[in-house]
$ cat data24.txt   # compact mmCIF, C-alpha atoms
# COMPACT_ATOMS: atom_id res chain seq x y z
CA MET A 1 -24.29 -67.71 81.68
CA SER A 2 -27.29 -69.34 80.00
CA ASP A 3 -28.49 -68.37 76.52
CA ASP A 4 -31.60 -66.77 77.99
CA ALA A 5 -29.55 -64.66 80.41
CA LEU A 6 -27.24 -63.56 77.58
CA LYS A 7 -30.22 -62.75 75.36
CA ALA A 8 -31.82 -60.72 78.17
CA LEU A 9 -28.58 -58.76 78.64
CA LEU A 10 -28.25 -58.03 74.92
CA VAL A 11 -31.90 -57.03 74.55
CA ASP A 12 -31.87 -54.83 77.68
CA ASP A 13 -28.71 -53.06 76.53
CA GLU A 14 -30.03 -52.20 73.07
CA PRO A 15 -33.82 -51.73 73.22
CA ALA A 16 -35.53 -52.53 69.91
CA PRO A 17 -36.84 -49.63 67.80
CA PRO A 18 -40.63 -49.12 67.90
CA GLU A 19 -42.73 -51.77 66.18
CA ARG A 20 -44.49 -49.08 64.13
CA ASP A 21 -42.50 -46.08 62.93
CA LEU A 22 -44.29 -44.12 60.24
CA ALA A 23 -41.49 -41.52 60.01
CA PHE A 24 -38.97 -44.23 59.15
CA THR A 25 -41.25 -45.76 56.50
CA LEU A 26 -41.91 -42.31 54.98
CA GLU A 27 -38.19 -41.58 54.87
CA VAL A 28 -37.56 -44.89 53.03
CA MET A 29 -40.38 -44.21 50.55
CA ASP A 30 -39.01 -40.70 50.00
CA ARG A 31 -35.60 -42.19 49.14
CA VAL A 32 -37.30 -44.73 46.85
CA ALA A 33 -39.14 -41.90 45.05
CA ARG A 34 -35.89 -39.97 44.64
CA ARG A 35 -34.14 -43.10 43.31
CA LYS A 36 -37.01 -43.66 40.84
CA LEU A 37 -36.79 -40.07 39.65
CA THR A 38 -33.01 -40.27 39.20
CA GLU A 39 -33.26 -43.56 37.32
CA GLY A 40 -36.09 -42.15 35.18
CA VAL A 41 -34.13 -39.01 34.29
CA ILE A 42 -30.99 -41.04 33.47
CA THR A 43 -33.02 -43.42 31.28
CA VAL A 44 -34.67 -40.54 29.39
CA ILE A 45 -31.32 -38.75 28.88
CA LEU A 46 -29.55 -41.90 27.69
CA GLY A 47 -32.49 -42.74 25.42
CA ALA A 48 -32.51 -39.23 23.95
CA VAL A 49 -28.75 -39.34 23.34
CA ALA A 50 -29.00 -42.79 21.70
CA VAL A 51 -31.90 -41.72 19.44
CA SER A 52 -30.13 -38.48 18.52
CA ALA A 53 -26.93 -40.35 17.61
CA LEU A 54 -28.89 -42.88 15.57
CA LEU A 55 -30.78 -40.16 13.71
CA TYR A 56 -27.54 -38.26 13.08
CA LEU A 57 -26.12 -41.35 11.39
CA VAL A 58 -29.24 -42.48 9.54
CA MET A 59 -31.02 -39.29 8.49
CA PRO A 60 -28.73 -38.38 5.52
CA TYR A 61 -29.73 -41.70 3.91
CA LEU A 62 -33.33 -41.69 5.12
CA THR A 63 -34.34 -38.14 4.20
CA PRO A 64 -34.60 -38.63 0.40
CA VAL A 65 -36.63 -41.85 0.88
CA LEU A 66 -38.98 -40.20 3.40
CA ALA A 67 -39.47 -37.23 1.10
CA ARG A 68 -40.61 -39.58 -1.69
CA LEU A 69 -42.90 -41.65 0.59
CA SER A 70 -44.28 -38.88 2.80
CA VAL A 71 -47.57 -38.31 0.99
CA PRO A 72 -48.61 -41.98 0.52
CA LEU A 73 -47.55 -42.91 4.09
CA LEU A 74 -49.24 -39.98 5.87
CA PRO A 75 -52.36 -41.89 7.12
CA ALA A 76 -50.25 -44.81 8.39
CA VAL A 77 -47.90 -42.45 10.24
CA GLY A 78 -50.89 -40.73 11.86
CA ILE A 79 -52.33 -44.05 13.04
CA LEU A 80 -48.95 -45.27 14.35
CA ALA A 81 -48.40 -41.99 16.22
CA ALA A 82 -51.85 -42.22 17.84
CA LEU A 83 -51.20 -45.86 18.86
CA GLY A 84 -47.82 -44.87 20.31
CA VAL A 85 -49.40 -42.11 22.41
CA ILE A 86 -52.11 -44.50 23.66
CA ALA A 87 -49.51 -47.16 24.56
CA PHE A 88 -47.37 -44.61 26.42
CA VAL A 89 -50.30 -43.20 28.40
CA TRP A 90 -51.50 -46.73 29.25
CA ASP A 91 -48.04 -47.69 30.49
CA GLN A 92 -47.90 -44.58 32.72
CA VAL A 93 -51.41 -44.91 34.12
CA ARG A 94 -51.43 -48.69 34.76
CA PRO A 95 -49.47 -48.66 38.10
CA ALA A 96 -51.87 -46.05 39.52
CA LEU A 97 -54.90 -48.11 38.43
CA ARG A 98 -53.37 -51.17 40.12
CA GLN A 99 -53.03 -49.24 43.34
CA TYR A 100 -56.78 -48.60 43.20
CA GLY A 101 -57.34 -52.37 43.00
CA LEU A 102 -58.06 -52.61 39.26
CA ARG A 103 -56.44 -55.73 37.82
CA VAL A 104 -55.01 -54.33 34.56
CA MET B 105 -45.65 -60.87 59.27
CA ASP B 106 -47.53 -63.88 57.89
CA ILE B 107 -45.63 -65.60 55.05
CA ALA B 108 -48.63 -65.65 52.69
CA ILE B 109 -49.27 -61.93 53.19
CA GLU B 110 -45.56 -61.20 52.80
CA THR B 111 -45.37 -63.18 49.54
CA ALA B 112 -48.40 -61.33 48.16
CA LEU B 113 -46.91 -57.96 49.16
CA VAL B 114 -43.57 -58.84 47.54
CA GLN B 115 -45.38 -59.81 44.33
CA ARG B 116 -47.34 -56.56 44.31
CA ALA B 117 -44.20 -54.55 45.06
CA ARG B 118 -42.44 -56.27 42.14
CA ASP B 119 -45.37 -55.21 39.94
CA GLY B 120 -44.72 -51.59 40.93
CA SER B 121 -46.95 -51.04 43.96
CA ASP B 122 -45.42 -48.46 46.31
CA GLU B 123 -48.18 -49.12 48.83
CA ALA B 124 -47.19 -52.81 49.06
CA PHE B 125 -43.51 -51.95 49.45
CA SER B 126 -44.24 -49.39 52.18
CA ARG B 127 -46.17 -52.10 54.06
CA LEU B 128 -43.16 -54.41 53.74
CA VAL B 129 -40.91 -51.64 55.11
CA GLY B 130 -43.32 -50.95 58.00
CA GLY B 131 -43.53 -54.63 58.85
CA HIS B 132 -39.78 -55.29 58.83
CA GLN B 133 -38.16 -52.02 59.92
CA GLN B 134 -37.93 -53.06 63.56
CA VAL B 135 -35.92 -56.27 62.98
CA VAL B 136 -33.59 -54.70 60.42
CA ARG B 137 -32.89 -51.64 62.59
CA ALA B 138 -32.39 -53.76 65.72
CA PHE B 139 -29.87 -55.93 63.82
CA LEU B 140 -27.97 -52.91 62.46
CA ARG B 141 -27.88 -51.12 65.82
CA ARG B 142 -25.66 -53.93 67.12
CA LEU B 143 -23.29 -53.56 64.15
CA ALA B 144 -23.10 -49.77 63.68
CA SER B 145 -21.38 -47.30 65.95
CA ASN B 146 -24.56 -45.38 66.83
CA PRO B 147 -28.35 -45.62 66.28
CA ALA B 148 -28.46 -42.74 63.77
CA ASP B 149 -25.90 -44.46 61.52
CA ALA B 150 -27.75 -47.74 61.92
CA ASP B 151 -31.06 -46.17 60.85
CA ASP B 152 -29.40 -44.51 57.86
CA LEU B 153 -27.94 -47.86 56.79
CA ALA B 154 -31.34 -49.50 57.31
CA GLN B 155 -33.01 -46.94 55.02
CA GLU B 156 -30.36 -47.48 52.36
CA ALA B 157 -30.79 -51.25 52.72
CA PHE B 158 -34.56 -50.96 52.09
CA VAL B 159 -33.97 -48.74 49.03
CA THR B 160 -31.47 -51.29 47.65
CA ALA B 161 -33.97 -54.07 48.41
CA TRP B 162 -36.59 -52.14 46.41
CA SER B 163 -34.32 -51.85 43.38
CA HIS B 164 -33.22 -55.53 43.60
CA LEU B 165 -36.62 -57.02 44.46
CA GLY B 166 -36.45 -59.14 41.31
CA LYS B 167 -33.45 -60.99 42.80
CA LEU B 168 -35.41 -62.17 45.86
CA ARG B 169 -35.57 -65.95 45.41
CA ASP B 170 -38.70 -67.97 46.17
CA GLY B 171 -38.58 -69.42 49.68
CA VAL B 172 -36.33 -66.67 51.05
CA ARG B 173 -38.03 -64.40 53.60
CA PHE B 174 -38.04 -60.66 52.93
CA ARG B 175 -36.34 -59.97 56.29
CA THR B 176 -33.52 -62.37 55.34
CA PHE B 177 -33.11 -60.57 52.01
CA VAL B 178 -33.03 -57.09 53.57
CA CYS B 179 -30.80 -58.12 56.49
CA GLY B 180 -28.32 -59.61 53.98
CA ILE B 181 -28.20 -56.30 52.11
CA ALA B 182 -27.96 -54.41 55.42
CA TYR B 183 -25.05 -56.57 56.57
CA ARG B 184 -23.09 -55.91 53.36
CA LYS B 185 -23.78 -52.18 53.74
CA ALA B 186 -22.58 -52.31 57.35
CA LEU B 187 -19.37 -54.04 56.21
CA ASN B 188 -18.75 -51.35 53.57
CA ASP B 189 -19.55 -48.61 56.05
CA ARG B 190 -17.12 -50.14 58.54
CA LYS B 191 -14.35 -50.13 55.91
CA ARG B 192 -15.03 -46.45 55.19
CA TYR B 193 -15.18 -45.68 58.93
CA GLY B 194 -11.90 -47.59 59.42
CA ARG B 195 -10.13 -45.43 56.85
CA ALA B 196 -11.53 -42.23 58.42
CA ALA B 197 -10.57 -43.44 61.91
CA ALA B 198 -7.02 -44.17 60.72
CA ARG B 199 -6.77 -40.58 59.42
CA ASP B 200 -8.18 -39.24 62.72
CA THR B 201 -5.70 -41.33 64.72
CA ALA B 202 -2.80 -40.03 62.65
CA TRP B 203 -4.02 -36.45 63.23
CA HIS B 204 -4.58 -37.19 66.95
CA ASP B 205 -0.99 -38.47 67.29
CA LEU B 206 0.34 -35.28 65.73
CA THR B 207 -1.73 -32.97 67.96
CA PRO B 208 -0.58 -32.22 71.56
CA GLN B 209 -3.13 -33.64 74.03
CA THR B 210 -4.32 -31.55 76.97
CA GLN B 211 -6.38 -34.23 78.76
CA SER B 212 -5.43 -37.71 79.85
CA PRO B 213 -7.79 -40.51 78.82
CA THR B 214 -10.39 -41.56 81.37
CA ASN B 215 -10.17 -45.00 82.94
CA ASP B 216 -13.64 -46.44 82.91
CA GLU B 217 -13.06 -50.02 83.79
CA ARG B 218 -16.63 -51.10 83.66
CA LEU B 219 -17.25 -52.94 80.44
CA SER B 220 -20.78 -52.36 79.14
CA VAL B 221 -22.68 -54.96 77.18
CA LYS B 222 -22.38 -52.82 74.07
CA ALA B 223 -18.62 -52.44 74.56
CA ALA B 224 -18.29 -56.19 75.08
CA LEU B 225 -20.23 -56.79 71.87
CA GLN B 226 -18.01 -54.28 70.03
CA THR B 227 -14.92 -56.34 70.91
CA LEU B 228 -16.21 -59.21 68.77
CA PRO B 229 -15.27 -59.38 65.07
CA ILE B 230 -18.15 -58.05 62.97
CA ASP B 231 -19.15 -61.44 61.51
CA VAL B 232 -19.22 -63.02 64.99
CA ARG B 233 -21.16 -60.02 66.32
CA ALA B 234 -23.64 -60.29 63.47
CA ALA B 235 -24.14 -64.03 64.10
CA VAL B 236 -24.67 -63.44 67.84
CA SER B 237 -27.03 -60.51 67.15
CA LEU B 238 -29.15 -62.61 64.82
CA CYS B 239 -29.25 -65.95 66.64
CA VAL B 240 -28.78 -65.07 70.32
CA ALA B 241 -30.26 -61.56 70.64
CA GLY B 242 -32.72 -62.10 67.76
CA ASP B 243 -34.92 -65.05 66.86
CA TYR B 244 -33.25 -66.04 63.58
CA SER B 245 -32.45 -69.67 62.83
CA HIS B 246 -28.88 -70.70 62.09
CA SER B 247 -29.76 -71.35 58.44
CA GLU B 248 -31.34 -67.89 58.12
CA ALA B 249 -28.19 -66.33 59.62
CA ALA B 250 -26.06 -68.34 57.17
CA GLU B 251 -28.14 -66.93 54.30
CA ILE B 252 -27.90 -63.35 55.62
CA LEU B 253 -24.17 -63.40 56.29
CA ALA B 254 -23.38 -65.55 53.21
CA LEU B 255 -21.41 -68.00 55.37
CA PRO B 256 -21.57 -71.80 55.69
CA LEU B 257 -23.84 -73.15 58.43
CA GLY B 258 -20.88 -74.66 60.31
CA THR B 259 -19.14 -71.28 60.40
CA ILE B 260 -22.27 -69.66 61.83
CA LYS B 261 -22.46 -72.26 64.61
CA SER B 262 -18.78 -71.80 65.39
CA HIS B 263 -19.15 -67.97 65.37
CA ILE B 264 -22.07 -68.17 67.80
CA GLN B 265 -20.14 -70.46 70.12
CA LYS B 266 -17.05 -68.22 70.01
CA GLY B 267 -19.12 -65.08 70.55
CA ARG B 268 -21.08 -66.61 73.40
CA ASP B 269 -17.89 -67.79 75.13
CA LYS B 270 -16.19 -64.41 74.79
CA LEU B 271 -19.26 -62.48 75.98
CA ASN B 272 -19.56 -64.83 78.95
CA ILE B 273 -15.98 -64.07 79.93
CA LEU B 274 -16.31 -60.30 79.38
CA LEU B 275 -19.70 -59.83 81.02
CA GLN B 276 -19.37 -62.20 83.95
CA ARG B 277 -17.16 -59.73 85.81
CA ASP B 278 -19.36 -56.66 85.63
CA ASP B 279 -22.90 -57.27 84.56
CA VAL B 280 -23.76 -60.71 85.78
CA LYS B 281 -23.65 -61.27 89.50
$ encode --input "data24.txt" --output "structure tokens"
Amino acid sequence: MSDDALKALLVDDEPAPPERDLAFTLEVMDRVARRKLTEGVITVILGAVAVSALLYLVMPYLTPVLARLSVPLLPAVGILAALGVIAFVWDQVRPALRQYGLRV
Amino acid sequence: MDIAIETALVQRARDGSDEAFSRLVGGHQQVVRAFLRRLASNPADADDLAQEAFVTAWSHLGKLRDGVRFRTFVCGIAYRKALNDRKRYGRAAARDTAWHDLTPQTQSPTNDERLSVKAALQTLPIDVRAAVSLCVAGDYSHSEAAEILALPLGTIKSHIQKGRDKLNILLQRDDVK
């Protein structure tokens, strides 16, 4: 049997799926979204546990120092907190802006 | 899909674009599903494996090397998933067979002597079947198949020859007059 004849037999026996299948693509993207959510939740939980453990270990030594420095450092803490919020929001919004064609 | 467009979509998907990745899925789903349908036991299982392969491809997109086509990357993942699935299925089948042997049978097995193309393909070892599916039934080059199956080029050529010879023997009798 020639290669072409064998190929024709194999192709006839198992017809290819449709060239465009929106349902399949949507199902894959749904699984991707679920995977992203799971990974995000795990990352947040692990991060929270790590930070909590670190604070549990460090805070007994840090608290007296912070109490002494709290008043002089208040403006700097405010600025750092604002910058942190801006950086976080920017990081969250950037993928959506890219999808709208903005090169950021 | 054009290579330049594909490369741009891969880059955008790596940067976090879901829209780019969904276009990659839409453009490659047919070849990946067609490949898996020749390896899995039924189309539903094949489609499930294909979806899992695309999700794994999404999470490992950073490992896609320059010069390797996206379909090669996904088919490689799909093949490894099919191998794992086959191992799991083998264990389940062994349990079913043990149960079947213990249970009294009321019907005798049917004797369908006609060997279908699918049945003939199923008689081949999975790596030979995969090589034949890619290079004979599909339009993949031998080097692409070697990349997908993680086998040396010489082994791929030998698998294709062996598969072709065996299919010729099995199918000559029934399907090819």
$ interface_residues --input "data24.txt" --of "chain A" --to "chain B" --cutoff "7 Å" --atoms "all atoms listed in the file" --output "list in words"
Met1, Lys7, Leu10, Val11, Asp13, Ala16, Pro17, Pro18, Glu19, Arg20, Asp21, Thr25, Val28, Met29, Arg31, Val32, Pro95 and Gln99 of chain A
$ atom_distance --input "data24.txt" --atom1 "CA of Ala249 (chain B)" --atom2 "CA of Ala234 (chain B)"
8.5 Å
$ closest_residue --input "data24.txt" --among "B:Val114, B:Arg192, B:Phe177, B:Ala148" --to "Glu251 (chain B)" --atoms "all atoms listed in the file"
B:Phe177
$ closest_residue --input "data24.txt" --among "B:Leu228, B:Ala117, B:Leu143, B:Ala150" --to "His164 (chain B)" --atoms "all atoms listed in the file"
B:Ala117
$ residues_around --input "data24.txt" --residues "Gly180 (chain B)" --least-positions-apart "5" --cutoff "10 Å" --atoms "all atoms listed in the file" --output "list of chain:residue names"
B:Val136, B:Ala157, B:Ala161, B:Phe174, B:Arg175, B:Lys185, B:Ala186, B:Glu248, B:Ala249, B:Ala250, B:Glu251, B:Ile252, B:Leu253, B:Ala254
$ closest_residue --input "data24.txt" --among "B:Gln115, B:Ser262, B:Leu274, B:Val172" --to "Ala223 (chain B)" --atoms "all atoms listed in the file"
B:Leu274
$ atom_distance --input "data24.txt" --atom1 "CA of Phe88 (chain A)" --atom2 "CA of Gly47 (chain A)"
15.0 Å
$ atom_distance --input "data24.txt" --atom1 "CA of Glu110 (chain B)" --atom2 "CA of Asp170 (chain B)"
11.7 Å
